[in-house]
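Trainee: My questions will all concern the structure given below.
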Amino acid sequence: MIVRTLKGAVVAACCALVILPFLAVLSTSLADQAQVTATGGYVLWPERPSLDAYRAILAGGVVTRALLVSVGVTVVGTLLSLTCITLLAYSLSRPGSLLHRPILLTVLFTLLFAPGMIPMYLTVKQLGLLDSYWSLILPGLAGGFQIIIMRAFFQEIPGELVDAARIDGAGELRILLRVVLPLSKAVIAVVGLFSAVAYWNAFFNAMLYLNDTEKWPLQLVLRTYVVDNSALSVDAADLSGSFLPPPQSMQMAILVLSLVPIAIVYPFLQKHFAKGILIGAVKG
Amino acid sequence: MALDVKSPPARPAAPPRRATPKVSRLRRDGLLLLLGVPGLLVILLFHYVPMLGNVIAFKDYQPFLGIWEAPWTGFENFRVIFNGDPEFLNALVNTVVISLVQIVFVFPVPIALALLLNSLAGVRLKRLAQSILYLPHFMSWVVVVAIFQHMLGNAGLLNTFLRGHDLATLPLLGNPDLFLALITSQVIWKDAGWGTIIFLAALSRVDPELYEASAMDGASKTRQLWHVTLPGIRGVIVLMLILKLGDVLTVGFEQIILQQGMVGTEVSEVLDTYVYTYGVVGGSWGVAAAVGLVKGLVGLVLVLGANKVAHLLGERGLYTK
């Protein structure tokens, strides 16, 4: 009994360590200026919740633009990524088809050896992608690991189903769209989520490939404004208007905004995590 | 993340398909091949072309000359590595120390957490805890670093509270002596929960009959843990350790570069930040590429070597021959 209580307490403590920082961040972002000043910067419970901080950063300007860039890159990137990965994984899911082995090995080798930052930068540069949104999208389009997961899932689909469809006169494309994809929602959800999270969270690619601050995605703005705690040069005027909530609550509001998309999709996709991931892993 | 490079249970590779001649196979599989083209193109363009780009490690690359016109310099760029440039050595030592500390202190956490979650009584409680603990994995490093700063920083929640109660403040951030502890706790905070997934799955596969049998033989819960549970997930533990070993020279680049300004390069320069600082920022492209190439090759050798050792120990490892 004591052991059980103890276990419960440890797990509860771990969960609290994860949740409490968010509550503090969320509360501070919602607090009004008087309270933030009174408490010295942080608020655990907003007494008079206000959306002033959100209104201020979403009124146009750097954060709004960065938000749109991040949304755009994430949506376009995830759709293209899922298309590429699904098609390649499907074409690799049939052992014995032409060139099956060499292509599979080509994909597998990428898991063992990463090309390195400098050659990657030079490749992006040579392709003329520097300072273009495509530099954020294209390099991460098709990862070997995602392809392997998806392929493993496709191979679990009973071959009889595919054969039956073929006898009924369906071509490869129709088989993929009508038979395989409807059965693969779980893995598509998971691979899509990972892809989306990777695009949404990408900070390093943007730092490396974008000199133009106008094109910055949200994570770079977060870095400058929240981590480095410095004003955004482009937008200093916007942020120092006459009536504005204190920077603290605005910083926290940007942080909260960057978490909104994850908070929205997380509950829907969560049930698929374990299944989708383990297909490519433990089961083999 | 675990991956198993081995193909799924090799179903007999359809012998009649192989027997058909190439031309008719092309006609049959042509569309299938065509479907794979976009993905394959991306892989070639952003994995294999950059691999070729590593030739600049053997060249004196100047941005205006381009990769192919740059003059060859042989192993000149590698001299930095093998002659032990102090800044390079500092980066190398930091990288290895951070990696080893993380293998010792971070690697066991998800295993312990998974064992703990697995032994919880209520299924719904377990689910709830999992949902909460997975969450930080989906946040960017920028967000994690920002949250740590705003909790533990000088003007953060903790110190604001201490100051408000006339207590001494704790300078936890920006302190070079605590940097290793800081980044280690960040990694645990972000990914320990997520890391449990794979161990929980392995735990669910341990045969319940083994527990019953050992209980019959009078094994206590502790003995069951030692003689049934841990051996049951040994394969997965070894697999994850191999993957970790392959990354000994790779430590969280984004995490570190975000906090480098705060503690200085002496404790925070790692190989990846060295490559970034000397290559992209400093313009020593060839040297930076050489360091990156050696790093990649060492990683490759480590994975293959660790896998070999796993085989010798009778484990399945990352892939089987």
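Simple scheme: letters A, B, ... for chains in structure tokens order, numbers from 1 for residues in each chain, numbers from 1 for ligands in the order shown.
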If you take only C-alpha atoms and a cut-off of 7 Å, which residues of chain A touch chain B, and what are their nearest atom pairs and distances in Å to one decimal, in chain and number order, as JSON lines?

Mentor:
```
{"residue": "A:Lys7", "atom": "CA", "partner": "B:Leu116", "partner_atom": "CA", "distance": 6.9}
{"residue": "A:Cys15", "atom": "CA", "partner": "B:Ile132", "partner_atom": "CA", "distance": 6.2}
{"residue": "A:Val18", "atom": "CA", "partner": "B:Leu133", "partner_atom": "CA", "distance": 6.9}
{"residue": "A:Pro21", "atom": "CA", "partner": "B:Ile147", "partner_atom": "CA", "distance": 6.9}
{"residue": "A:Gly40", "atom": "CA", "partner": "B:Thr160", "partner_atom": "CA", "distance": 6.5}
{"residue": "A:Tyr42", "atom": "CA", "partner": "B:Leu157", "partner_atom": "CA", "distance": 5.9}
{"residue": "A:Cys84", "atom": "CA", "partner": "B:Gly39", "partner_atom": "CA", "distance": 4.5}
{"residue": "A:Ile85", "atom": "CA", "partner": "B:Gly39", "partner_atom": "CA", "distance": 6.0}
{"residue": "A:Leu87", "atom": "CA", "partner": "B:Leu35", "partner_atom": "CA", "distance": 5.3}
{"residue": "A:Leu88", "atom": "CA", "partner": "B:Gly36", "partner_atom": "CA", "distance": 3.9}
{"residue": "A:Ser91", "atom": "CA", "partner": "B:Leu32", "partner_atom": "CA", "distance": 5.1}
{"residue": "A:Pro95", "atom": "CA", "partner": "B:Ala13", "partner_atom": "CA", "distance": 5.9}
{"residue": "A:Gly96", "atom": "CA", "partner": "B:Ala13", "partner_atom": "CA", "distance": 5.8}
{"residue": "A:Ser97", "atom": "CA", "partner": "B:Asp29", "partner_atom": "CA", "distance": 6.2}
{"residue": "A:Leu98", "atom": "CA", "partner": "B:Asp29", "partner_atom": "CA", "distance": 6.2}
{"residue": "A:Leu108", "atom": "CA", "partner": "B:Val5", "partner_atom": "CA", "distance": 6.8}
{"residue": "A:Thr110", "atom": "CA", "partner": "B:His47", "partner_atom": "CA", "distance": 6.7}
{"residue": "A:Leu112", "atom": "CA", "partner": "B:Leu300", "partner_atom": "CA", "distance": 6.0}
{"residue": "A:Phe113", "atom": "CA", "partner": "B:Leu300", "partner_atom": "CA", "distance": 6.1}
{"residue": "A:Ala114", "atom": "CA", "partner": "B:Gly296", "partner_atom": "CA", "distance": 6.2}
{"residue": "A:Pro115", "atom": "CA", "partner": "B:Met51", "partner_atom": "CA", "distance": 4.8}
{"residue": "A:Gly116", "atom": "CA", "partner": "B:Gly292", "partner_atom": "CA", "distance": 5.4}
{"residue": "A:Ile118", "atom": "CA", "partner": "B:Ala289", "partner_atom": "CA", "distance": 5.6}
{"residue": "A:Pro119", "atom": "CA", "partner": "B:Pro50", "partner_atom": "CA", "distance": 4.9}
{"residue": "A:Met120", "atom": "CA", "partner": "B:Pro50", "partner_atom": "CA", "distance": 5.2}
{"residue": "A:Thr123", "atom": "CA", "partner": "B:Pro50", "partner_atom": "CA", "distance": 6.0}
{"residue": "A:Pro139", "atom": "CA", "partner": "B:Phe46", "partner_atom": "CA", "distance": 5.6}
{"residue": "A:Leu141", "atom": "CA", "partner": "B:Val42", "partner_atom": "CA", "distance": 6.9}
{"residue": "A:Ala142", "atom": "CA", "partner": "B:Gly39", "partner_atom": "CA", "distance": 6.1}
{"residue": "A:Ala152", "atom": "CA", "partner": "B:Pro8", "partner_atom": "CA", "distance": 6.3}
{"residue": "A:Glu172", "atom": "CA", "partner": "B:Leu32", "partner_atom": "CA", "distance": 6.7}
{"residue": "A:Val197", "atom": "CA", "partner": "B:Phe138", "partner_atom": "CA", "distance": 6.6}
{"residue": "A:Asn201", "atom": "CA", "partner": "B:Ser140", "partner_atom": "CA", "distance": 4.8}
{"residue": "A:Phe204", "atom": "CA", "partner": "B:Glu254", "partner_atom": "CA", "distance": 6.4}
{"residue": "A:Gln219", "atom": "CA", "partner": "B:Val142", "partner_atom": "CA", "distance": 6.6}
{"residue": "A:Leu222", "atom": "CA", "partner": "B:Val142", "partner_atom": "CA", "distance": 6.9}
{"residue": "A:Arg223", "atom": "CA", "partner": "B:Val142", "partner_atom": "CA", "distance": 6.0}
{"residue": "A:Val226", "atom": "CA", "partner": "B:Ala146", "partner_atom": "CA", "distance": 6.4}
{"residue": "A:Val227", "atom": "CA", "partner": "B:Ala146", "partner_atom": "CA", "distance": 5.1}
{"residue": "A:Leu255", "atom": "CA", "partner": "B:Val143", "partner_atom": "CA", "distance": 6.7}
{"residue": "A:Ala274", "atom": "CA", "partner": "B:Ile197", "partner_atom": "CA", "distance": 6.4}
{"residue": "A:Gly280", "atom": "CA", "partner": "B:Leu3", "partner_atom": "CA", "distance": 6.3}
{"residue": "A:Ala281", "atom": "CA", "partner": "B:Leu3", "partner_atom": "CA", "distance": 4.7}
{"residue": "A:Gly284", "atom": "CA", "partner": "B:Pro8", "partner_atom": "CA", "distance": 5.1}
```

Trainee: Can you list every residue in segment 58-204 of chain B that DSSP puts in alpha helix (DSSP H), as a PyMOL selection string?

Mentor: chain B and resi 79-82+86-105+108-118+123-134+141-152+157-164+179-204

Trainee: Near Leu92 of chain A, within 7 Å and counting only C-alpha atoms, which residues show up once chain neighbours fewer than 3 positions away are dropped, as a ChimeraX atom specification?

Mentor: /A:88-89,100,104,151

Trainee: Would you mind exporting the chosen residues as a PDB file, in the first residue's frame, restricted to C-alpha atoms?

Mentor:
```
ATOM      1  CA  LEU A  88       7.837   6.028 -52.170  1.00  0.00           C
ATOM      2  CA  ALA A  89       6.881   3.790 -49.250  1.00  0.00           C
ATOM      3  CA  HIS A 100      13.130  -2.806 -55.231  1.00  0.00           C
ATOM      4  CA  LEU A 104      15.479   0.327 -50.520  1.00  0.00           C
ATOM      5  CA  ARG A 151       6.473   0.837 -45.746  1.00  0.00           C
TER       6      ARG A 151
END
```

Trainee: List the neighbours of Thr73 of chain B out to 9 Å using only C-alpha atoms; skip same-chain residues closer than 4 positions along the sequence, and give me the result as number ranges by chain.

Mentor: B: 57-60, 77

Trainee: Using N, CA and C atoms, can you export the residues from the last selection as a compact mmCIF listing (two decimals), in the first residue's frame?

Mentor:
```
# COMPACT_ATOMS: atom_id res chain seq x y z
N ALA B 57 35.90 19.08 -48.11
CA ALA B 57 36.80 18.84 -46.98
C ALA B 57 38.24 18.66 -47.48
N PHE B 58 38.37 18.32 -48.76
CA PHE B 58 39.71 18.11 -49.34
C PHE B 58 40.11 19.27 -50.23
N LYS B 59 39.36 20.36 -50.14
CA LYS B 59 39.62 21.49 -51.04
C LYS B 59 39.75 22.78 -50.25
N ASP B 60 40.26 23.78 -50.96
CA ASP B 60 40.29 25.12 -50.38
C ASP B 60 39.09 25.86 -50.95
N ASN B 77 43.04 20.27 -44.66
CA ASN B 77 41.97 20.67 -43.74
C ASN B 77 41.85 19.76 -42.52
```

Trainee: Could you please determine the separation between atom CA of Glu87 of chain B and atom CA of Leu172 of chain B in Å, to one decimal place?

Mentor: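 The value is 25.9 Å.
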
Trainee: Mind giving me the straight-line distance from atom CA of Leu243 of chain B to atom CA of Leu79 of chain A in Å, one decimal?

Mentor: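 Interatomic distance, atom CA of Leu243 of chain B to atom CA of Leu79 of chain A: 29.3 Å.
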
Trainee: Excluding segment 224-230 of chain B and its own-chain neighbours fewer than 6 positions away, which residues fall within 9 Å of it when counting only C-alpha atoms? Please give them as a PyMOL selection string.

Mentor: chain B and resi 115+203+206+210-211+214-215

Trainee: Any chance you can output those residues with N, CA, C and O atoms as a PDB file, in the first residue's frame?

Mentor:
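again_28.pdb written:
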```pdb
ATOM      1  N   LEU B 115       9.013   1.506 -16.262  1.00  0.00           N
ATOM      2  CA  LEU B 115       8.750   0.473 -15.256  1.00  0.00           C
ATOM      3  C   LEU B 115       7.735   0.986 -14.235  1.00  0.00           C
ATOM      4  O   LEU B 115       6.811   0.277 -13.841  1.00  0.00           O
ATOM      5  N   LEU B 203       7.594  -3.842 -22.629  1.00  0.00           N
ATOM      6  CA  LEU B 203       7.082  -4.410 -21.372  1.00  0.00           C
ATOM      7  C   LEU B 203       5.763  -5.138 -21.589  1.00  0.00           C
ATOM      8  O   LEU B 203       5.505  -6.175 -20.979  1.00  0.00           O
ATOM      9  N   VAL B 206       6.148  -8.794 -22.563  1.00  0.00           N
ATOM     10  CA  VAL B 206       6.698  -9.820 -21.672  1.00  0.00           C
ATOM     11  C   VAL B 206       5.574 -10.790 -21.307  1.00  0.00           C
ATOM     12  O   VAL B 206       4.486 -10.368 -20.912  1.00  0.00           O
ATOM     13  N   LEU B 210       5.209 -15.881 -17.370  1.00  0.00           N
ATOM     14  CA  LEU B 210       6.491 -15.875 -16.661  1.00  0.00           C
ATOM     15  C   LEU B 210       6.330 -15.306 -15.260  1.00  0.00           C
ATOM     16  O   LEU B 210       6.934 -15.789 -14.308  1.00  0.00           O
ATOM     17  N   TYR B 211       5.477 -14.260 -15.149  1.00  0.00           N
ATOM     18  CA  TYR B 211       5.242 -13.676 -13.828  1.00  0.00           C
ATOM     19  C   TYR B 211       4.527 -14.678 -12.933  1.00  0.00           C
ATOM     20  O   TYR B 211       4.867 -14.858 -11.764  1.00  0.00           O
ATOM     21  N   SER B 214       6.945 -17.388 -11.875  1.00  0.00           N
ATOM     22  CA  SER B 214       7.930 -16.962 -10.881  1.00  0.00           C
ATOM     23  C   SER B 214       7.259 -16.705  -9.543  1.00  0.00           C
ATOM     24  O   SER B 214       7.836 -16.949  -8.482  1.00  0.00           O
ATOM     25  N   ALA B 215       6.005 -16.231  -9.581  1.00  0.00           N
ATOM     26  CA  ALA B 215       5.276 -16.022  -8.324  1.00  0.00           C
ATOM     27  C   ALA B 215       5.036 -17.356  -7.625  1.00  0.00           C
ATOM     28  O   ALA B 215       5.174 -17.477  -6.407  1.00  0.00           O
TER      29      ALA B 215
END
```
